[in-house]
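What follows is a short report on a single structure.
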Amino acid sequence: MRVTTNLYPSFSVSDFERSLAFYDIVMATLGVTRWNEIEAQGRHEAEYGLDEDLKMLSIVESPDYSSETTQLFSSSLSLRAGNQIAVDMFFTTAIANGATEVEKPGFSADGSYTTSVKDLDGHEIGAYWLNSN
């Protein structure tokens, strides 16, 4: 028997539908899609990944989540992009859909091309590309 453990972050969001629209379009810039949407005990959850077995992020409806809670419980995630253009698209799309800038796209000291933003609830999400040349 083969057992697989799939660990990925889960972000609490204050407005599920708004966050769903945000993550659907922003994650698509990296080729990541929504694989599952669950409703249990009146709460919604959506899972994003490269495929059904490789989930990368879950957003969970948390109506009590607020700017005060964000400071205590915000999360961060950085996703690998296929190329520099995908990193740029990720940043542009996120900003156009309500994210706030943390780091503009650019090369870091280690040679990777990175960017990051804060989503609509203050979680930091980023994208990076490793130049293998």
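Ligands are numbered from 1 in the order shown, chains are lettered A, B, ... in the order of the structure tokens, and residues start at 1 in each chain.
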
Find the spatial neighbours of range 53-56 of chain A, counting only C-alpha atoms, within a cut-off of 12 Å - ignore same-chain residues fewer than 5 positions away - and output them as a CSV table (one decimal) with N, CA and C atoms, in the first residue's frame.
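Wrote selection10.csv, looks like this:
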chain,number,residue,atom,x,y,z
A,4,THR,N,0.4,8.7,0.5
A,4,THR,CA,0.9,10.0,0.1
A,4,THR,C,0.4,11.1,1.0
A,5,THR,N,1.3,11.9,1.5
A,5,THR,CA,0.9,13.0,2.3
A,5,THR,C,1.0,14.3,1.5
A,6,ASN,N,0.0,15.0,1.5
A,6,ASN,CA,-0.1,16.2,0.7
A,6,ASN,C,-0.2,17.4,1.6
A,7,LEU,N,0.8,18.1,1.8
A,7,LEU,CA,0.8,19.3,2.7
A,7,LEU,C,0.8,20.6,1.9
A,8,TYR,N,-0.1,21.4,2.2
A,8,TYR,CA,-0.2,22.7,1.5
A,8,TYR,C,-0.9,23.7,2.4
A,9,PRO,N,-0.6,25.0,2.2
A,9,PRO,CA,-1.2,26.0,3.1
A,9,PRO,C,-2.7,26.2,2.8
A,10,SER,N,-3.3,26.6,3.9
A,10,SER,CA,-4.8,26.9,3.8
A,10,SER,C,-4.9,28.4,4.3
A,11,PHE,N,-5.5,29.2,3.5
A,11,PHE,CA,-5.7,30.6,3.8
A,11,PHE,C,-7.2,30.8,4.2
A,23,TYR,N,-8.4,34.3,-6.8
A,23,TYR,CA,-7.5,33.1,-6.9
A,23,TYR,C,-7.7,32.4,-8.2
A,27,MET,N,-4.1,32.5,-10.0
A,27,MET,CA,-3.4,31.2,-10.0
A,27,MET,C,-3.3,30.7,-11.4
A,30,LEU,N,-0.1,31.0,-13.5
A,30,LEU,CA,1.0,30.0,-13.2
A,30,LEU,C,0.6,28.6,-13.6
A,31,GLY,N,-0.5,28.5,-14.3
A,31,GLY,CA,-1.0,27.2,-14.7
A,31,GLY,C,-1.6,26.3,-13.6
A,32,VAL,N,-2.0,27.0,-12.5
A,32,VAL,CA,-2.6,26.3,-11.4
A,32,VAL,C,-4.1,26.6,-11.4
A,33,THR,N,-4.9,25.5,-11.3
A,33,THR,CA,-6.4,25.7,-11.4
A,33,THR,C,-7.1,25.2,-10.1
A,34,ARG,N,-8.3,25.6,-10.0
A,34,ARG,CA,-9.2,25.1,-8.9
A,34,ARG,C,-9.6,23.6,-9.2
A,35,TRP,N,-9.3,22.7,-8.3
A,35,TRP,CA,-9.6,21.3,-8.5
A,35,TRP,C,-10.8,20.9,-7.7
A,36,ASN,N,-11.1,21.6,-6.7
A,36,ASN,CA,-12.2,21.1,-5.8
A,36,ASN,C,-12.8,22.2,-5.1
A,46,ALA,N,-12.0,25.9,-1.2
A,46,ALA,CA,-11.6,25.6,-2.6
A,46,ALA,C,-10.2,25.2,-2.5
A,47,GLU,N,-9.8,24.2,-3.4
A,47,GLU,CA,-8.5,23.7,-3.4
A,47,GLU,C,-7.9,24.0,-4.8
A,48,TYR,N,-6.6,24.5,-4.9
A,48,TYR,CA,-6.0,24.8,-6.1
A,48,TYR,C,-4.7,23.9,-6.2
A,76,SER,N,1.8,32.8,4.1
A,76,SER,CA,2.5,33.1,2.9
A,76,SER,C,2.8,31.9,2.1
A,77,LEU,N,2.9,32.1,0.8
A,77,LEU,CA,3.1,31.0,-0.1
A,77,LEU,C,3.9,31.6,-1.3
A,78,SER,N,4.8,30.9,-1.9
A,78,SER,CA,5.5,31.3,-3.1
A,78,SER,C,5.5,30.1,-4.0
A,79,LEU,N,5.0,30.3,-5.3
A,79,LEU,CA,4.8,29.3,-6.3
A,79,LEU,C,5.8,29.4,-7.4
A,80,ARG,N,6.3,28.3,-7.9
A,80,ARG,CA,7.2,28.3,-9.0
A,80,ARG,C,6.5,28.6,-10.3
A,125,ILE,N,1.4,36.2,-1.1
A,125,ILE,CA,1.6,35.1,-2.1
A,125,ILE,C,2.5,35.6,-3.2

Worksheet item: Running DSSP on the backbone, which parts of range 7-49 of chain A land in helix (DSSP H, G or I), as a PyMOL selection string?
Response: chain A and resi 16-28

File of the preceding selection, N, CA and C atoms, as a PDB file, in the first residue's frame:
ATOM      1  N   PHE A  16     -15.592  34.673   0.659  1.00  0.00           N
ATOM      2  CA  PHE A  16     -15.217  33.511  -0.132  1.00  0.00           C
ATOM      3  C   PHE A  16     -15.384  33.751  -1.629  1.00  0.00           C
ATOM      4  N   GLU A  17     -16.506  34.272  -2.058  1.00  0.00           N
ATOM      5  CA  GLU A  17     -16.757  34.476  -3.493  1.00  0.00           C
ATOM      6  C   GLU A  17     -15.751  35.452  -4.098  1.00  0.00           C
ATOM      7  N   ARG A  18     -15.458  36.517  -3.382  1.00  0.00           N
ATOM      8  CA  ARG A  18     -14.486  37.517  -3.852  1.00  0.00           C
ATOM      9  C   ARG A  18     -13.099  36.869  -3.969  1.00  0.00           C
ATOM     10  N   SER A  19     -12.707  36.097  -2.956  1.00  0.00           N
ATOM     11  CA  SER A  19     -11.401  35.431  -2.974  1.00  0.00           C
ATOM     12  C   SER A  19     -11.345  34.350  -4.045  1.00  0.00           C
ATOM     13  N   LEU A  20     -12.447  33.659  -4.263  1.00  0.00           N
ATOM     14  CA  LEU A  20     -12.518  32.636  -5.296  1.00  0.00           C
ATOM     15  C   LEU A  20     -12.249  33.261  -6.666  1.00  0.00           C
ATOM     16  N   ALA A  21     -12.883  34.371  -6.957  1.00  0.00           N
ATOM     17  CA  ALA A  21     -12.664  35.062  -8.229  1.00  0.00           C
ATOM     18  C   ALA A  21     -11.203  35.508  -8.354  1.00  0.00           C
ATOM     19  N   PHE A  22     -10.633  36.048  -7.260  1.00  0.00           N
ATOM     20  CA  PHE A  22      -9.242  36.498  -7.244  1.00  0.00           C
ATOM     21  C   PHE A  22      -8.295  35.328  -7.519  1.00  0.00           C
ATOM     22  N   TYR A  23      -8.420  34.255  -6.757  1.00  0.00           N
ATOM     23  CA  TYR A  23      -7.495  33.128  -6.897  1.00  0.00           C
ATOM     24  C   TYR A  23      -7.683  32.375  -8.207  1.00  0.00           C
ATOM     25  N   ASP A  24      -8.895  32.275  -8.718  1.00  0.00           N
ATOM     26  CA  ASP A  24      -9.105  31.620 -10.009  1.00  0.00           C
ATOM     27  C   ASP A  24      -8.274  32.290 -11.093  1.00  0.00           C
ATOM     28  N   ILE A  25      -8.292  33.610 -11.157  1.00  0.00           N
ATOM     29  CA  ILE A  25      -7.583  34.323 -12.230  1.00  0.00           C
ATOM     30  C   ILE A  25      -6.085  34.448 -11.951  1.00  0.00           C
ATOM     31  N   VAL A  26      -5.701  34.685 -10.704  1.00  0.00           N
ATOM     32  CA  VAL A  26      -4.281  34.862 -10.380  1.00  0.00           C
ATOM     33  C   VAL A  26      -3.521  33.541 -10.477  1.00  0.00           C
ATOM     34  N   MET A  27      -4.077  32.473  -9.955  1.00  0.00           N
ATOM     35  CA  MET A  27      -3.398  31.178 -10.006  1.00  0.00           C
ATOM     36  C   MET A  27      -3.283  30.670 -11.447  1.00  0.00           C
ATOM     37  N   ALA A  28      -4.248  31.013 -12.286  1.00  0.00           N
ATOM     38  CA  ALA A  28      -4.208  30.585 -13.688  1.00  0.00           C
ATOM     39  C   ALA A  28      -2.979  31.121 -14.409  1.00  0.00           C
TER      40      ALA A  28
END

Worksheet entry | Residues of range 8-132 of chain A in strand (DSSP E), written as a ChimeraX atom specification | /A:10-13,33-40,43-51,54-61,76-80,100-107,113-118,124-129

Discussion item. List as a ChimeraX atom specification the protein and nucleic acid residues near Lys104 in chain A, meaning an atom at most 9 Å away when only C-alpha atoms are counted, but skip any in the same chain fewer than 6 places from it.
Written reply: /A:88,91,114-117

Write out the residues from the selection above, keeping C-alpha atoms, as a PDB file, in the first residue's frame.
ATOM      1  CA  ASP A  88       5.249  39.261 -14.523  1.00  0.00           C
ATOM      2  CA  PHE A  91       2.079  40.266 -10.471  1.00  0.00           C
ATOM      3  CA  THR A 114      10.631  36.831  -7.943  1.00  0.00           C
ATOM      4  CA  THR A 115       7.624  38.897  -6.973  1.00  0.00           C
ATOM      5  CA  SER A 116       5.091  38.940  -4.162  1.00  0.00           C
ATOM      6  CA  VAL A 117       1.800  40.573  -3.264  1.00  0.00           C
TER       7      VAL A 117
END

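A straight line drawn from CA of Ser132 in chain A to CA of Ala86 in chain A is 15.6 Å long.
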
Fill in: Residue among A:Ser108, A:Asn83, A:Ser12, A:Thr29 lying closest to Ser62 in chain A, counting only C-alpha atoms
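Of all the options, A:Ser12 lies closest to Ser62 in chain A.
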
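In this structure, CA of Tyr113 in chain A sits 7.5 Å away from CA of Asn131 in chain A.
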
Item to complete: Show which residues sit within 9 Å of Ser14 in chain A, as a ChimeraX atom specification. Count only C-alpha atoms, and ignore same-chain residues fewer than 4 positions away.
Response: /A:18-19,60-66,120-121

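Take the candidates A:Ala81, A:Val87, A:Val13, A:Ala94 and check each one against Gly122 in chain A using only C-alpha atoms; the shortest distance goes to A:Val13.
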
Worksheet item: From the list A:Gly82, A:Asp51, A:Ile95, A:Ala109, which residue is nearest Ala127 in chain A when using only C-alpha atoms?
Response: A:Gly82

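In this model, the gap between CA of Leu130 in chain A and CA of Leu50 in chain A comes to 18.2 Å.
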